[in-house]
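A.B. asks: Just so it is clear, I am handing over upload-v3.csv, which has CSV, C-alpha atoms and all ligand atoms.
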chain,number,residue,atom,x,y,z
A,1419,MET,CA,-6.1,34.5,-4.9
A,1420,PHE,CA,-9.6,35.9,-5.1
A,1421,LEU,CA,-11.3,33.7,-2.6
A,1422,PRO,CA,-9.2,34.6,0.4
A,1423,GLN,CA,-9.6,38.3,-0.2
A,1424,CYS,CA,-13.4,37.8,-0.4
A,1425,LEU,CA,-13.4,35.9,2.8
A,1426,PHE,CA,-11.2,38.6,4.4
A,1427,ILE,CA,-13.7,41.3,3.5
A,1428,LEU,CA,-16.6,39.3,4.7
A,1429,LYS,CA,-14.8,38.8,8.0
A,1430,ILE,CA,-14.4,42.6,8.4
A,1431,ILE,CA,-18.0,43.3,7.6
A,1432,GLY,CA,-19.0,40.6,10.1
A,1433,SER,CA,-16.9,42.2,12.9
A,1434,ILE,CA,-18.3,45.7,12.1
A,1435,GLU,CA,-21.8,44.2,12.6
A,1436,ALA,CA,-20.7,42.5,15.7
A,1437,ILE,CA,-19.3,45.8,17.1
A,1438,ALA,CA,-22.6,47.6,16.3
A,1439,TYR,CA,-24.5,44.7,17.9
A,1440,PHE,CA,-22.5,44.8,21.1
A,1441,ARG,CA,-22.8,48.6,21.2
A,1442,CYS,CA,-26.5,48.4,21.5
A,1443,MET,CA,-26.2,45.5,23.8
A,1444,LYS,CA,-24.1,47.4,26.3
A,1445,GLU,CA,-25.5,47.2,29.8
A,1446,ILE,CA,-27.3,50.3,31.0
A,1447,VAL,CA,-25.8,52.2,33.9
A,1448,VAL,CA,-27.5,55.0,35.8
A,1449,SER,CA,-26.2,57.2,38.6
A,1450,GLY,CA,-26.8,60.6,40.1
A,1451,ILE,CA,-25.1,63.0,42.4
A,1452,ARG,CA,-27.2,65.4,44.5
A,1453,SER,CA,-26.5,69.0,43.7
A,1454,THR,CA,-25.8,70.1,47.2
A,1455,GLY,CA,-22.4,71.6,47.0
A,1456,ASN,CA,-19.0,71.1,45.4
A,1457,LEU,CA,-17.1,67.9,44.6
A,1458,HIS,CA,-14.4,66.9,47.1
A,1459,LEU,CA,-11.7,64.3,47.0
A,1460,GLY,CA,-14.0,61.8,48.6
A,1461,ASN,CA,-16.5,62.1,45.8
A,1462,TYR,CA,-13.7,62.0,43.3
A,1463,PHE,CA,-12.1,58.7,44.5
A,1464,GLY,CA,-15.4,57.2,45.7
A,1465,ALA,CA,-17.6,57.9,42.7
A,1466,MET,CA,-16.1,59.9,39.9
A,1467,LYS,CA,-13.2,57.6,39.1
A,1468,ASN,CA,-15.6,54.8,38.7
A,1469,PHE,CA,-17.9,56.8,36.5
A,1470,ILE,CA,-15.0,57.8,34.2
A,1471,ARG,CA,-14.1,54.2,33.7
A,1472,MET,CA,-17.6,53.1,33.2
A,1473,GLN,CA,-18.3,55.5,30.4
A,1474,ASP,CA,-16.0,53.5,28.2
A,1475,GLU,CA,-17.6,50.1,28.9
A,1476,PHE,CA,-21.3,50.7,29.4
A,1477,ASN,CA,-24.2,52.7,28.1
A,1478,CYS,CA,-24.0,55.3,30.9
A,1479,PHE,CA,-26.6,57.9,32.1
A,1480,PHE,CA,-25.2,60.3,34.7
A,1481,PHE,CA,-27.3,63.0,36.0
A,1482,ILE,CA,-27.5,65.9,38.5
A,1483,ALA,CA,-30.2,65.0,41.0
A,1484,ASP,CA,-31.6,68.5,41.5
A,1485,TYR,CA,-35.2,67.4,42.2
A,1486,HIS,CA,-33.8,65.4,45.2
A,1487,SER,CA,-32.1,68.5,46.6
A,1488,LEU,CA,-35.5,70.4,46.8
A,1489,THR,CA,-36.4,68.5,50.0
A,1490,THR,CA,-34.2,71.0,51.9
A,1491,HIS,CA,-35.8,74.1,50.3
A,1492,PRO,CA,-32.8,75.8,48.8
A,1493,SER,CA,-33.2,79.4,47.6
A,1494,PRO,CA,-33.8,79.7,43.8
A,1495,ALA,CA,-30.5,81.4,43.3
A,1496,ASP,CA,-28.5,78.7,45.3
A,1497,PHE,CA,-30.4,76.0,43.6
A,1498,HIS,CA,-29.5,77.2,40.1
A,1499,LEU,CA,-25.9,77.9,41.0
A,1500,ASN,CA,-25.4,74.5,42.5
A,1501,VAL,CA,-26.8,72.7,39.5
A,1502,LYS,CA,-24.4,74.6,37.3
A,1503,SER,CA,-21.4,74.1,39.4
A,1504,VAL,CA,-22.0,70.4,39.7
A,1505,LEU,CA,-22.3,70.1,35.9
A,1506,VAL,CA,-19.1,72.1,35.5
A,1507,GLU,CA,-17.3,69.9,38.0
A,1508,TYR,CA,-18.5,66.7,36.4
A,1509,LEU,CA,-17.1,67.8,33.1
A,1510,ALA,CA,-13.9,69.0,34.7
A,1511,CYS,CA,-13.3,65.6,36.2
A,1512,GLY,CA,-13.4,63.9,32.8
A,1513,LEU,CA,-17.0,62.8,32.2
A,1514,ASP,CA,-17.3,63.0,28.5
A,1515,PRO,CA,-20.7,64.0,26.9
A,1516,GLU,CA,-19.6,62.1,23.8
A,1517,LYS,CA,-19.2,58.9,25.7
A,1518,CYS,CA,-22.0,59.1,28.2
A,1519,THR,CA,-25.4,60.8,28.6
A,1520,LEU,CA,-24.9,63.6,31.0
A,1521,TYR,CA,-28.0,65.5,32.0
A,1522,ILE,CA,-29.9,67.4,34.6
A,1523,GLN,CA,-32.8,65.5,36.3
A,1524,SER,CA,-35.3,68.3,36.1
A,1525,ASP,CA,-34.8,68.5,32.3
A,1526,LEU,CA,-36.7,65.2,32.1
A,1527,PRO,CA,-40.4,65.6,32.8
A,1528,GLU,CA,-40.7,61.8,32.2
A,1529,ILE,CA,-38.9,61.2,35.5
A,1530,ALA,CA,-41.5,63.2,37.4
A,1531,GLU,CA,-44.3,61.3,35.6
A,1532,LEU,CA,-42.8,57.9,36.4
A,1533,TYR,CA,-42.3,59.0,40.0
A,1534,LEU,CA,-46.1,59.8,40.1
A,1535,LEU,CA,-47.0,56.5,38.6
A,1536,LEU,CA,-44.7,54.5,40.9
A,1537,ASN,CA,-46.0,56.4,44.0
A,1538,MET,CA,-49.5,54.9,43.4
A,1539,ASN,CA,-48.0,51.5,44.3
A,1540,ALA,CA,-45.5,52.6,46.9
A,1541,TYR,CA,-46.9,52.0,50.4
A,1542,VAL,CA,-46.5,54.6,53.2
A,1543,GLY,CA,-45.5,51.8,55.6
A,1544,GLU,CA,-42.5,50.6,53.5
A,1545,LEU,CA,-41.4,54.2,52.8
A,1546,GLU,CA,-41.6,55.0,56.6
A,1547,ARG,CA,-39.4,52.0,57.4
A,1548,CYS,CA,-36.6,53.3,55.1
A,1549,THR,CA,-33.5,54.1,57.2
A,1550,SER,CA,-32.6,57.3,55.4
A,1551,PHE,CA,-36.1,58.6,56.1
A,1552,LYS,CA,-35.8,57.8,59.8
A,1553,GLU,CA,-32.5,59.6,59.9
A,1554,LYS,CA,-34.0,62.7,58.1
A,1555,ILE,CA,-36.8,62.8,60.7
A,1556,ARG,CA,-34.2,62.9,63.4
A,1557,LYS,CA,-32.1,65.6,61.7
A,1558,GLN,CA,-34.8,67.9,60.4
A,1559,PRO,CA,-37.9,67.3,62.6
A,1560,ASP,CA,-39.5,70.6,61.5
A,1561,ASN,CA,-39.4,69.8,57.8
A,1562,ILE,CA,-40.6,66.2,57.3
A,1563,ASN,CA,-42.2,66.7,53.8
A,1564,ALA,CA,-43.7,64.2,51.5
A,1565,GLY,CA,-40.7,64.6,49.2
A,1566,LEU,CA,-38.5,63.1,51.9
A,1567,LEU,CA,-40.9,60.2,52.4
A,1568,THR,CA,-41.0,59.5,48.7
A,1569,TYR,CA,-37.2,60.0,48.1
A,1570,PRO,CA,-36.9,56.3,47.3
A,1571,THR,CA,-39.7,56.4,44.7
A,1572,LEU,CA,-38.0,59.3,43.0
A,1573,MET,CA,-34.7,57.5,43.0
A,1574,ALA,CA,-36.4,54.4,41.6
A,1575,ALA,CA,-37.9,56.5,38.8
A,1576,ASP,CA,-34.4,57.8,38.0
A,1577,ILE,CA,-33.1,54.3,37.6
A,1578,LEU,CA,-36.2,52.6,36.0
A,1579,ILE,CA,-36.8,55.4,33.5
A,1580,HIS,CA,-33.7,54.1,31.5
A,1581,ARG,CA,-34.3,50.5,32.5
A,1582,ALA,CA,-30.8,50.3,34.1
A,1583,VAL,CA,-29.3,47.2,35.5
A,1584,LYS,CA,-26.2,48.6,37.0
A,1585,VAL,CA,-26.1,51.5,39.5
A,1586,PRO,CA,-22.8,52.7,40.8
A,1587,VAL,CA,-23.5,53.8,44.4
A,1588,GLY,CA,-22.1,53.5,47.8
A,1589,LYS,CA,-23.2,51.1,50.6
A,1590,ASP,CA,-25.5,53.8,52.1
A,1591,GLN,CA,-27.7,53.5,49.0
A,1592,GLU,CA,-28.2,49.8,49.1
A,1593,GLN,CA,-31.7,50.0,50.7
A,1594,HIS,CA,-32.9,52.5,48.1
A,1595,LEU,CA,-31.8,50.2,45.4
A,1596,GLU,CA,-33.7,47.3,47.0
A,1597,MET,CA,-36.8,49.5,47.0
A,1598,ALA,CA,-36.2,50.3,43.3
A,1599,ARG,CA,-36.2,46.6,42.6
A,1600,THR,CA,-39.4,46.1,44.7
A,1601,PHE,CA,-41.2,49.0,42.9
A,1602,GLY,CA,-40.1,47.7,39.4
A,1603,ASN,CA,-41.1,44.1,40.1
A,1604,ARG,CA,-44.4,45.2,41.6
A,1605,PHE,CA,-45.2,47.2,38.5
A,1606,ASN,CA,-44.3,44.3,36.3
A,1607,ARG,CA,-46.5,41.9,38.3
A,1608,MET,CA,-49.5,44.3,38.5
A,1609,TYR,CA,-49.5,45.1,34.9
A,1610,GLU,CA,-48.3,41.8,33.5
A,1611,THR,CA,-45.3,43.3,31.8
A,1612,GLU,CA,-41.5,42.8,31.8
A,1613,LEU,CA,-40.9,46.5,31.4
A,1614,PHE,CA,-38.5,46.9,34.2
A,1615,PRO,CA,-35.3,44.8,34.8
A,1616,GLU,CA,-33.8,44.6,38.3
A,1617,PRO,CA,-31.1,47.2,39.1
A,1618,TYR,CA,-28.2,46.2,41.3
A,1619,ALA,CA,-25.3,48.2,42.9
A,1620,PHE,CA,-22.1,48.0,40.9
A,1621,ASN,CA,-18.6,49.3,41.3
A,1622,PHE,CA,-15.2,48.4,40.1
A,1623,GLY,CA,-14.2,46.9,43.4
A,1624,THR,CA,-10.5,47.6,43.3
A,1625,GLN,CA,-11.1,51.3,42.7
A,1626,LEU,CA,-13.4,51.9,45.6
A,1627,VAL,CA,-11.2,53.9,47.9
A,1628,LYS,CA,-12.5,55.4,51.1
A,1629,ILE,CA,-11.2,58.8,51.6
A,1630,PRO,CA,-11.1,60.0,55.2
A,1631,GLY,CA,-11.7,63.6,56.3
A,1632,LEU,CA,-9.2,65.9,57.9
A,1633,ASP,CA,-11.0,66.2,61.3
A,1634,GLY,CA,-10.2,62.6,62.3
A,1635,SER,CA,-13.8,61.6,62.2
A,1636,GLY,CA,-13.6,59.1,59.3
A,1637,LYS,CA,-15.3,59.9,56.1
A,1638,MET,CA,-14.6,63.0,54.0
A,1639,GLY,CA,-17.9,64.8,53.6
A,1640,LYS,CA,-19.3,68.2,53.2
A,1641,SER,CA,-21.7,67.8,56.0
A,1642,GLU,CA,-19.1,67.2,58.6
A,1643,GLY,CA,-18.1,70.8,58.9
A,1644,GLU,CA,-15.7,73.3,57.5
A,1645,GLY,CA,-12.2,72.2,57.0
A,1646,ASN,CA,-13.0,68.4,56.9
A,1647,ALA,CA,-13.1,68.2,53.1
A,1648,ILE,CA,-10.7,69.2,50.3
A,1649,PHE,CA,-12.7,70.4,47.4
A,1650,LEU,CA,-11.5,70.0,43.8
A,1651,ALA,CA,-12.0,73.8,43.4
A,1652,ASP,CA,-10.1,74.8,46.5
A,1653,ALA,CA,-7.3,77.3,46.1
A,1654,PRO,CA,-3.8,76.2,47.0
A,1655,GLU,CA,-3.7,78.5,50.1
A,1656,LEU,CA,-6.9,77.1,51.4
A,1657,ILE,CA,-5.7,73.5,50.9
A,1658,ARG,CA,-2.5,74.3,52.9
A,1659,LYS,CA,-4.5,75.8,55.7
A,1660,LYS,CA,-6.9,72.9,55.9
A,1661,VAL,CA,-4.3,70.2,55.8
A,1662,MET,CA,-2.0,71.9,58.4
A,1663,ARG,CA,-5.0,71.9,60.7
A,1664,ALA,CA,-5.7,68.2,60.2
A,1665,VAL,CA,-6.0,66.2,63.4
A,1666,SER,CA,-2.8,64.3,64.4
A,1667,ASP,CA,-1.3,63.2,67.7
A,1668,SER,CA,2.0,63.4,69.6
A,1669,GLY,CA,3.6,60.6,67.7
A,1670,PRO,CA,4.3,56.9,68.2
A,1671,ALA,CA,5.7,55.7,71.5
A,1672,VAL,CA,7.3,52.5,70.4
A,1673,MET,CA,8.8,51.2,67.1
A,1674,ASN,CA,6.4,49.8,64.5
A,1675,GLN,CA,3.4,50.8,66.6
A,1676,GLU,CA,0.0,50.2,65.2
A,1677,LYS,CA,-1.4,53.5,63.9
A,1678,PRO,CA,-4.3,55.2,65.7
A,1679,GLU,CA,-7.3,56.1,63.6
A,1680,VAL,CA,-6.4,59.8,63.0
A,1681,ILE,CA,-2.9,58.9,61.9
A,1682,LYS,CA,-4.2,56.1,59.6
A,1683,ASN,CA,-6.4,58.7,58.0
A,1684,LEU,CA,-3.4,61.0,57.2
A,1685,PHE,CA,-1.6,58.0,55.6
A,1686,SER,CA,-4.7,57.1,53.6
A,1687,LEU,CA,-4.9,60.6,52.2
A,1688,MET,CA,-1.3,60.4,51.3
A,1689,GLU,CA,-1.8,57.1,49.6
A,1690,ALA,CA,-4.4,58.7,47.4
A,1691,VAL,CA,-2.5,61.7,46.2
A,1692,SER,CA,1.2,61.2,46.8
A,1693,SER,CA,3.8,59.1,45.1
A,1694,ALA,CA,4.7,55.6,46.4
A,1695,GLU,CA,8.1,56.8,47.4
A,1696,THR,CA,6.7,59.7,49.5
A,1697,LEU,CA,4.4,57.3,51.2
A,1698,ALA,CA,7.1,54.8,51.9
A,1699,PHE,CA,9.4,57.5,53.3
A,1700,PHE,CA,6.8,58.6,55.9
A,1701,GLU,CA,5.8,55.0,56.7
A,1702,GLU,CA,9.5,54.4,57.5
A,1703,GLN,CA,9.7,57.6,59.5
A,1704,TYR,CA,6.7,56.5,61.5
A,1705,ASN,CA,8.0,53.0,62.1
A,1706,VAL,CA,11.3,54.3,63.5
A,1707,MET,CA,9.5,57.0,65.5
A,1708,LYS,CA,11.2,59.9,63.7
A,1709,ILE,CA,8.0,61.2,62.1
A,1710,ARG,CA,7.2,64.9,62.3
A,1711,TYR,CA,3.6,65.4,61.4
A,1712,GLY,CA,4.2,69.0,60.5
A,1713,ASP,CA,6.5,67.9,57.7
A,1714,MET,CA,4.2,65.1,56.6
A,1715,LYS,CA,1.3,67.5,56.4
A,1716,LYS,CA,3.3,70.0,54.4
A,1717,GLN,CA,4.2,67.3,51.9
A,1718,LEU,CA,0.6,66.1,51.9
A,1719,ALA,CA,-0.7,69.6,51.2
A,1720,GLU,CA,1.7,70.1,48.3
A,1721,ASP,CA,0.7,66.8,46.8
A,1722,MET,CA,-2.9,67.6,47.1
A,1723,ILE,CA,-2.4,70.9,45.4
A,1724,ALA,CA,-0.6,69.2,42.6
A,1725,PHE,CA,-3.3,66.6,42.3
A,1726,THR,CA,-6.2,69.0,42.3
A,1727,ASP,CA,-4.5,71.7,40.2
A,1728,PRO,CA,-5.6,70.4,36.7
A,1729,PHE,CA,-9.2,70.0,38.0
A,1730,ARG,CA,-9.3,73.5,39.5
A,1731,LYS,CA,-8.0,75.0,36.2
A,1732,ARG,CA,-10.6,73.2,34.2
A,1733,ILE,CA,-13.3,74.2,36.6
A,1734,LEU,CA,-12.3,77.8,36.3
A,1735,GLU,CA,-12.2,77.6,32.5
A,1736,LEU,CA,-15.6,75.9,32.2
A,1737,SER,CA,-17.3,78.2,34.7
A,1738,LYS,CA,-16.6,81.0,32.3
A,1739,ASP,CA,-17.7,79.1,29.2
A,1740,GLU,CA,-21.4,79.4,29.5
A,1741,LYS,CA,-22.0,78.3,25.9
A,1742,THR,CA,-20.3,74.9,26.3
A,1743,VAL,CA,-22.0,74.1,29.5
A,1744,GLN,CA,-25.3,75.0,28.1
A,1745,GLN,CA,-24.7,72.9,25.0
A,1746,VAL,CA,-23.8,69.9,27.1
A,1747,ALA,CA,-27.0,70.2,29.2
A,1748,ARG,CA,-29.2,70.6,26.1
A,1749,ARG,CA,-27.6,67.7,24.2
A,1750,GLY,CA,-27.7,65.5,27.4
A,1751,ALA,CA,-31.3,66.2,28.0
A,1752,GLU,CA,-32.2,65.3,24.4
A,1753,LYS,CA,-30.3,62.0,24.5
A,1754,ALA,CA,-31.8,61.1,27.9
A,1755,ARG,CA,-35.3,61.9,26.8
A,1756,GLU,CA,-35.0,59.6,23.9
A,1757,SER,CA,-34.7,56.7,26.3
A,1758,ALA,CA,-37.0,58.1,28.9
A,1759,SER,CA,-39.9,58.8,26.6
A,1760,LYS,CA,-39.9,55.2,25.3
A,1761,THR,CA,-40.1,53.9,28.8
A,1762,ILE,CA,-42.9,56.2,29.9
A,1763,ARG,CA,-44.9,55.4,26.7
A,1764,GLU,CA,-44.7,51.7,27.6
A,1765,ALA,CA,-45.5,52.3,31.2
A,1766,ARG,CA,-48.6,54.4,30.4
A,1767,ASN,CA,-49.7,51.8,28.0
A,1768,ALA,CA,-49.3,49.0,30.5
A,1769,ILE,CA,-51.4,50.9,33.0
A,1770,GLY,CA,-54.1,51.6,30.5
A,1771,ILE,CA,-53.4,55.3,30.0
A,1772,ARG,CA,-54.2,55.2,26.3
A,1773,GLN,CA,-55.7,57.7,23.9
A,1774,ILE,CA,-59.5,57.7,23.7
A,1801,LIG,N1,-29.6,59.1,46.5
A,1801,LIG,C1,-28.3,59.2,45.9
A,1801,LIG,C2,-27.3,59.8,46.9
A,1801,LIG,O1,-27.7,60.3,47.9
A,1801,LIG,C3,-28.4,60.1,44.7
A,1801,LIG,C4,-29.3,59.6,43.6
A,1801,LIG,C5,-30.5,60.0,43.3
A,1801,LIG,C6,-29.0,58.4,42.8
A,1801,LIG,N2,-31.0,59.3,42.3
A,1801,LIG,C7,-30.2,58.3,42.0
A,1801,LIG,C8,-28.0,57.5,42.7
A,1801,LIG,C9,-30.3,57.2,41.1
A,1801,LIG,C10,-28.0,56.5,41.8
A,1801,LIG,C11,-29.2,56.4,41.0
A,1801,LIG,O2,-26.1,59.7,46.7
Give the structure from this file in structure tokens form.
C.D. replies:
Amino acid sequence: MFLPQCLFILKIIGSIEAIAYFRCMKEIVVSGIRSTGNLHLGNYFGAMKNFIRMQDEFNCFFFIADYHSLTTHPSPADFHLNVKSVLVEYLACGLDPEKCTLYIQSDLPEIAELYLLLNMNAYVGELERCTSFKEKIRKQPDNINAGLLTYPTLMAADILIHRAVKVPVGKDQEQHLEMARTFGNRFNRMYETELFPEPYAFNFGTQLVKIPGLDGSGKMGKSEGEGNAIFLADAPELIRKKVMRAVSDSGPAVMNQEKPEVIKNLFSLMEAVSSAETLAFFEEQYNVMKIRYGDMKKQLAEDMIAFTDPFRKRILELSKDEKTVQQVARRGAEKARESASKTIREARNAIGIRQI
């Protein structure tokens, strides 16, 4: 009788150890959102839903990329407000500071230091060839600062500082990630170390939903102009107004007609926020040429309001709760610095920055 019980207890102890072991073996994930405005439905479905799932499975570091936003010279008041509102919105969406490390980039001086160190081995030629830099030159020709040129080095520092291997980002960041691998590998080679692993883009494929904007131009984005994006914090009246103004057309001319782009967009939005029955109803109406876009938009607006309502409420609550937000930022910075300071110590040592 005694032996099986002993074995049973041993088994439990073994699995506890195994759990502890796996916990520290969890892969490291890093991602950042630029603090240039509020979160919209596109951000939510494109990034946030992924982040929320990842915090259960990986060792996640999510941060507000406020240093990055300085390339456009925001006023100090705007800068501060933006950082705070992004943090509030991260929390309102369901990022949990107990599960992941949630912090503000500028709270980690280690990132600025690694950025400096990496810049010594980042060549102007390769930085100038970066597509996002070329685009910036085109868009803001009178403010081509060194911060824009070295944007990829800063992003590499963000990732390498925690020695992350998985980076949840969209396609547009692929080249920046490749540069992060180049800089990490170059450092390893130059200083004969294995400090930095190679980071790769990673997303839960099935969840990556592209959310179109309301102006018929494709992607939902804050830069595309007023009215194109539905923000999580938008009031119901504003959502109704924006949705009713969404671009549509005069309706299908034949049964089962292939949908033109702008109409596809409306249906994609509906797919994201409405029930399957609602979607099926309007699909059917479209196919039999009975669709009335006014009715469809009314329904879409109400479903968007219902979908965003819990977020808006939490955003409002948290915006008033300075203490909680402050605590989250402090605790996040502490946790992030634990990992960052270890990396920077090793990087300095590898380079030969040692105490005399
Ligand atoms: N460049 C990213 C963007 O524009 C934001 C970002 C900055 C980031 N640093 C990062 C993303 C590190 C992932 C990892 O969306």
A.B. asks: Of the candidates A:Met1608, A:Val1746, A:Leu1505, A:Val1583, which one gets nearest to Ser1453 of chain A if we count all atoms listed in the file?
C.D. replies: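 Under the stated criterion, the closest residue is A:Leu1505.
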A.B. asks: Each residue of chain A lying at most 9 Å from ligand LIG 1801 (chain A) should get a row with its shortest atom-to-atom pair and the distance in Å to one decimal, counting all atoms listed in the file; could you produce that, ordered by chain and increasing number, as JSON lines?
C.D. replies:
{"residue": "A:Val1447", "atom": "CA", "partner": "A:LIG1801", "partner_atom": "C11", "distance": 8.9}
{"residue": "A:Val1448", "atom": "CA", "partner": "A:LIG1801", "partner_atom": "C11", "distance": 5.6}
{"residue": "A:Ser1449", "atom": "CA", "partner": "A:LIG1801", "partner_atom": "C10", "distance": 3.7}
{"residue": "A:Gly1450", "atom": "CA", "partner": "A:LIG1801", "partner_atom": "C6", "distance": 4.1}
{"residue": "A:Ile1451", "atom": "CA", "partner": "A:LIG1801", "partner_atom": "C3", "distance": 5.0}
{"residue": "A:Arg1452", "atom": "CA", "partner": "A:LIG1801", "partner_atom": "C3", "distance": 5.4}
{"residue": "A:Phe1480", "atom": "CA", "partner": "A:LIG1801", "partner_atom": "C11", "distance": 8.4}
{"residue": "A:Phe1481", "atom": "CA", "partner": "A:LIG1801", "partner_atom": "C7", "distance": 8.2}
{"residue": "A:Ile1482", "atom": "CA", "partner": "A:LIG1801", "partner_atom": "C5", "distance": 8.2}
{"residue": "A:Ala1483", "atom": "CA", "partner": "A:LIG1801", "partner_atom": "C5", "distance": 5.5}
{"residue": "A:Asp1484", "atom": "CA", "partner": "A:LIG1801", "partner_atom": "C5", "distance": 8.8}
{"residue": "A:Tyr1485", "atom": "CA", "partner": "A:LIG1801", "partner_atom": "C5", "distance": 8.8}
{"residue": "A:His1486", "atom": "CA", "partner": "A:LIG1801", "partner_atom": "C5", "distance": 6.6}
{"residue": "A:Gln1523", "atom": "CA", "partner": "A:LIG1801", "partner_atom": "N2", "distance": 8.8}
{"residue": "A:Tyr1569", "atom": "CA", "partner": "A:LIG1801", "partner_atom": "N1", "distance": 7.8}
{"residue": "A:Pro1570", "atom": "CA", "partner": "A:LIG1801", "partner_atom": "N1", "distance": 7.9}
{"residue": "A:Leu1572", "atom": "CA", "partner": "A:LIG1801", "partner_atom": "N2", "distance": 7.0}
{"residue": "A:Met1573", "atom": "CA", "partner": "A:LIG1801", "partner_atom": "N2", "distance": 4.2}
{"residue": "A:Ala1574", "atom": "CA", "partner": "A:LIG1801", "partner_atom": "C9", "distance": 6.7}
{"residue": "A:Ala1575", "atom": "CA", "partner": "A:LIG1801", "partner_atom": "C9", "distance": 8.0}
{"residue": "A:Asp1576", "atom": "CA", "partner": "A:LIG1801", "partner_atom": "C9", "distance": 5.2}
{"residue": "A:Ile1577", "atom": "CA", "partner": "A:LIG1801", "partner_atom": "C9", "distance": 5.3}
{"residue": "A:Val1585", "atom": "CA", "partner": "A:LIG1801", "partner_atom": "C10", "distance": 5.8}
{"residue": "A:Pro1586", "atom": "CA", "partner": "A:LIG1801", "partner_atom": "C10", "distance": 6.5}
{"residue": "A:Val1587", "atom": "CA", "partner": "A:LIG1801", "partner_atom": "C10", "distance": 5.9}
{"residue": "A:Gly1588", "atom": "CA", "partner": "A:LIG1801", "partner_atom": "O2", "distance": 7.5}
{"residue": "A:Asp1590", "atom": "CA", "partner": "A:LIG1801", "partner_atom": "O2", "distance": 8.0}
{"residue": "A:Gln1591", "atom": "CA", "partner": "A:LIG1801", "partner_atom": "N1", "distance": 6.4}
{"residue": "A:His1594", "atom": "CA", "partner": "A:LIG1801", "partner_atom": "N1", "distance": 7.6}
{"residue": "A:Leu1595", "atom": "CA", "partner": "A:LIG1801", "partner_atom": "C11", "distance": 8.0}
{"residue": "A:Ala1619", "atom": "CA", "partner": "A:LIG1801", "partner_atom": "C10", "distance": 8.8}
A.B. asks: Which residues are near segment 1703-1710 of chain A? Cut-off 6 Å, all atoms listed in the file, ignore same chain within fewer than 2 positions. Put them as a JSON list (two decimals) with C-alpha atoms, in the frame of the given file.
C.D. replies:
[["chain", "number", "residue", "atom", "x", "y", "z"],
["A", 1670, "PRO", "CA", 4.30, 56.90, 68.20],
["A", 1673, "MET", "CA", 8.80, 51.20, 67.10],
["A", 1674, "ASN", "CA", 6.40, 49.80, 64.50],
["A", 1700, "PHE", "CA", 6.80, 58.60, 55.90],
["A", 1701, "GLU", "CA", 5.80, 55.00, 56.70],
["A", 1712, "GLY", "CA", 4.20, 69.00, 60.50],
["A", 1713, "ASP", "CA", 6.50, 67.90, 57.70]]
A.B. asks: Tell me which of A:Ile1723, A:Leu1684, A:Ala1647, A:Ile1771 sits closest to His1458 of chain A, counting only C-alpha atoms.
C.D. replies: A:Ala1647
A.B. asks: Which one is closest to Ile1629 of chain A: A:Asn1461, A:Asn1606, A:Gln1473, A:Thr1454? Count all atoms listed in the file.
C.D. replies: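 Among the listed residues, the smallest separation from Ile1629 of chain A belongs to A:Asn1461.
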A.B. asks: What is the distance between atom CA of Asn1468 of chain A and atom CA of Ser1692 of chain A, in Å to one decimal?
C.D. replies: 19.7 Å
A.B. asks: What's the 12 Å shell around Arg1581 of chain A, counting all atoms listed in the file, without same-chain residues fewer than 2 positions away, as a PyMOL selection string?
C.D. replies: chain A and resi 1445-1448+1477-1479+1532+1574-1579+1583-1585+1598-1599+1602+1612-1618+1754+1757-1762+1764-1765
A.B. asks: Could you list, as a list in words, every residue within 6 Å of segment 1725-1730 of chain A, counting all atoms listed in the file and ignoring same-chain residues fewer than 5 positions away?
C.D. replies: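 Here the qualifying residues turn out to be Ala1510, Leu1650 and Ala1651 of chain A.
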A.B. asks: For the residues in the current selection, export C-alpha atoms as a PDB file, keeping the file's coordinate frame.
C.D. replies:
ATOM      1  CA  ALA A1510     -13.900  69.000  34.700  1.00  0.00           C
ATOM      2  CA  LEU A1650     -11.500  70.000  43.800  1.00  0.00           C
ATOM      3  CA  ALA A1651     -12.000  73.800  43.400  1.00  0.00           C
TER       4      ALA A1651
END
A.B. asks: May I ask which of the residues A:Ala1540, A:Leu1459, A:Ala1465, A:Val1504 is the closest one to Ser1737 of chain A, counting all atoms listed in the file?
C.D. replies: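 Selected residue with least distance to Ser1737 of chain A: A:Val1504.
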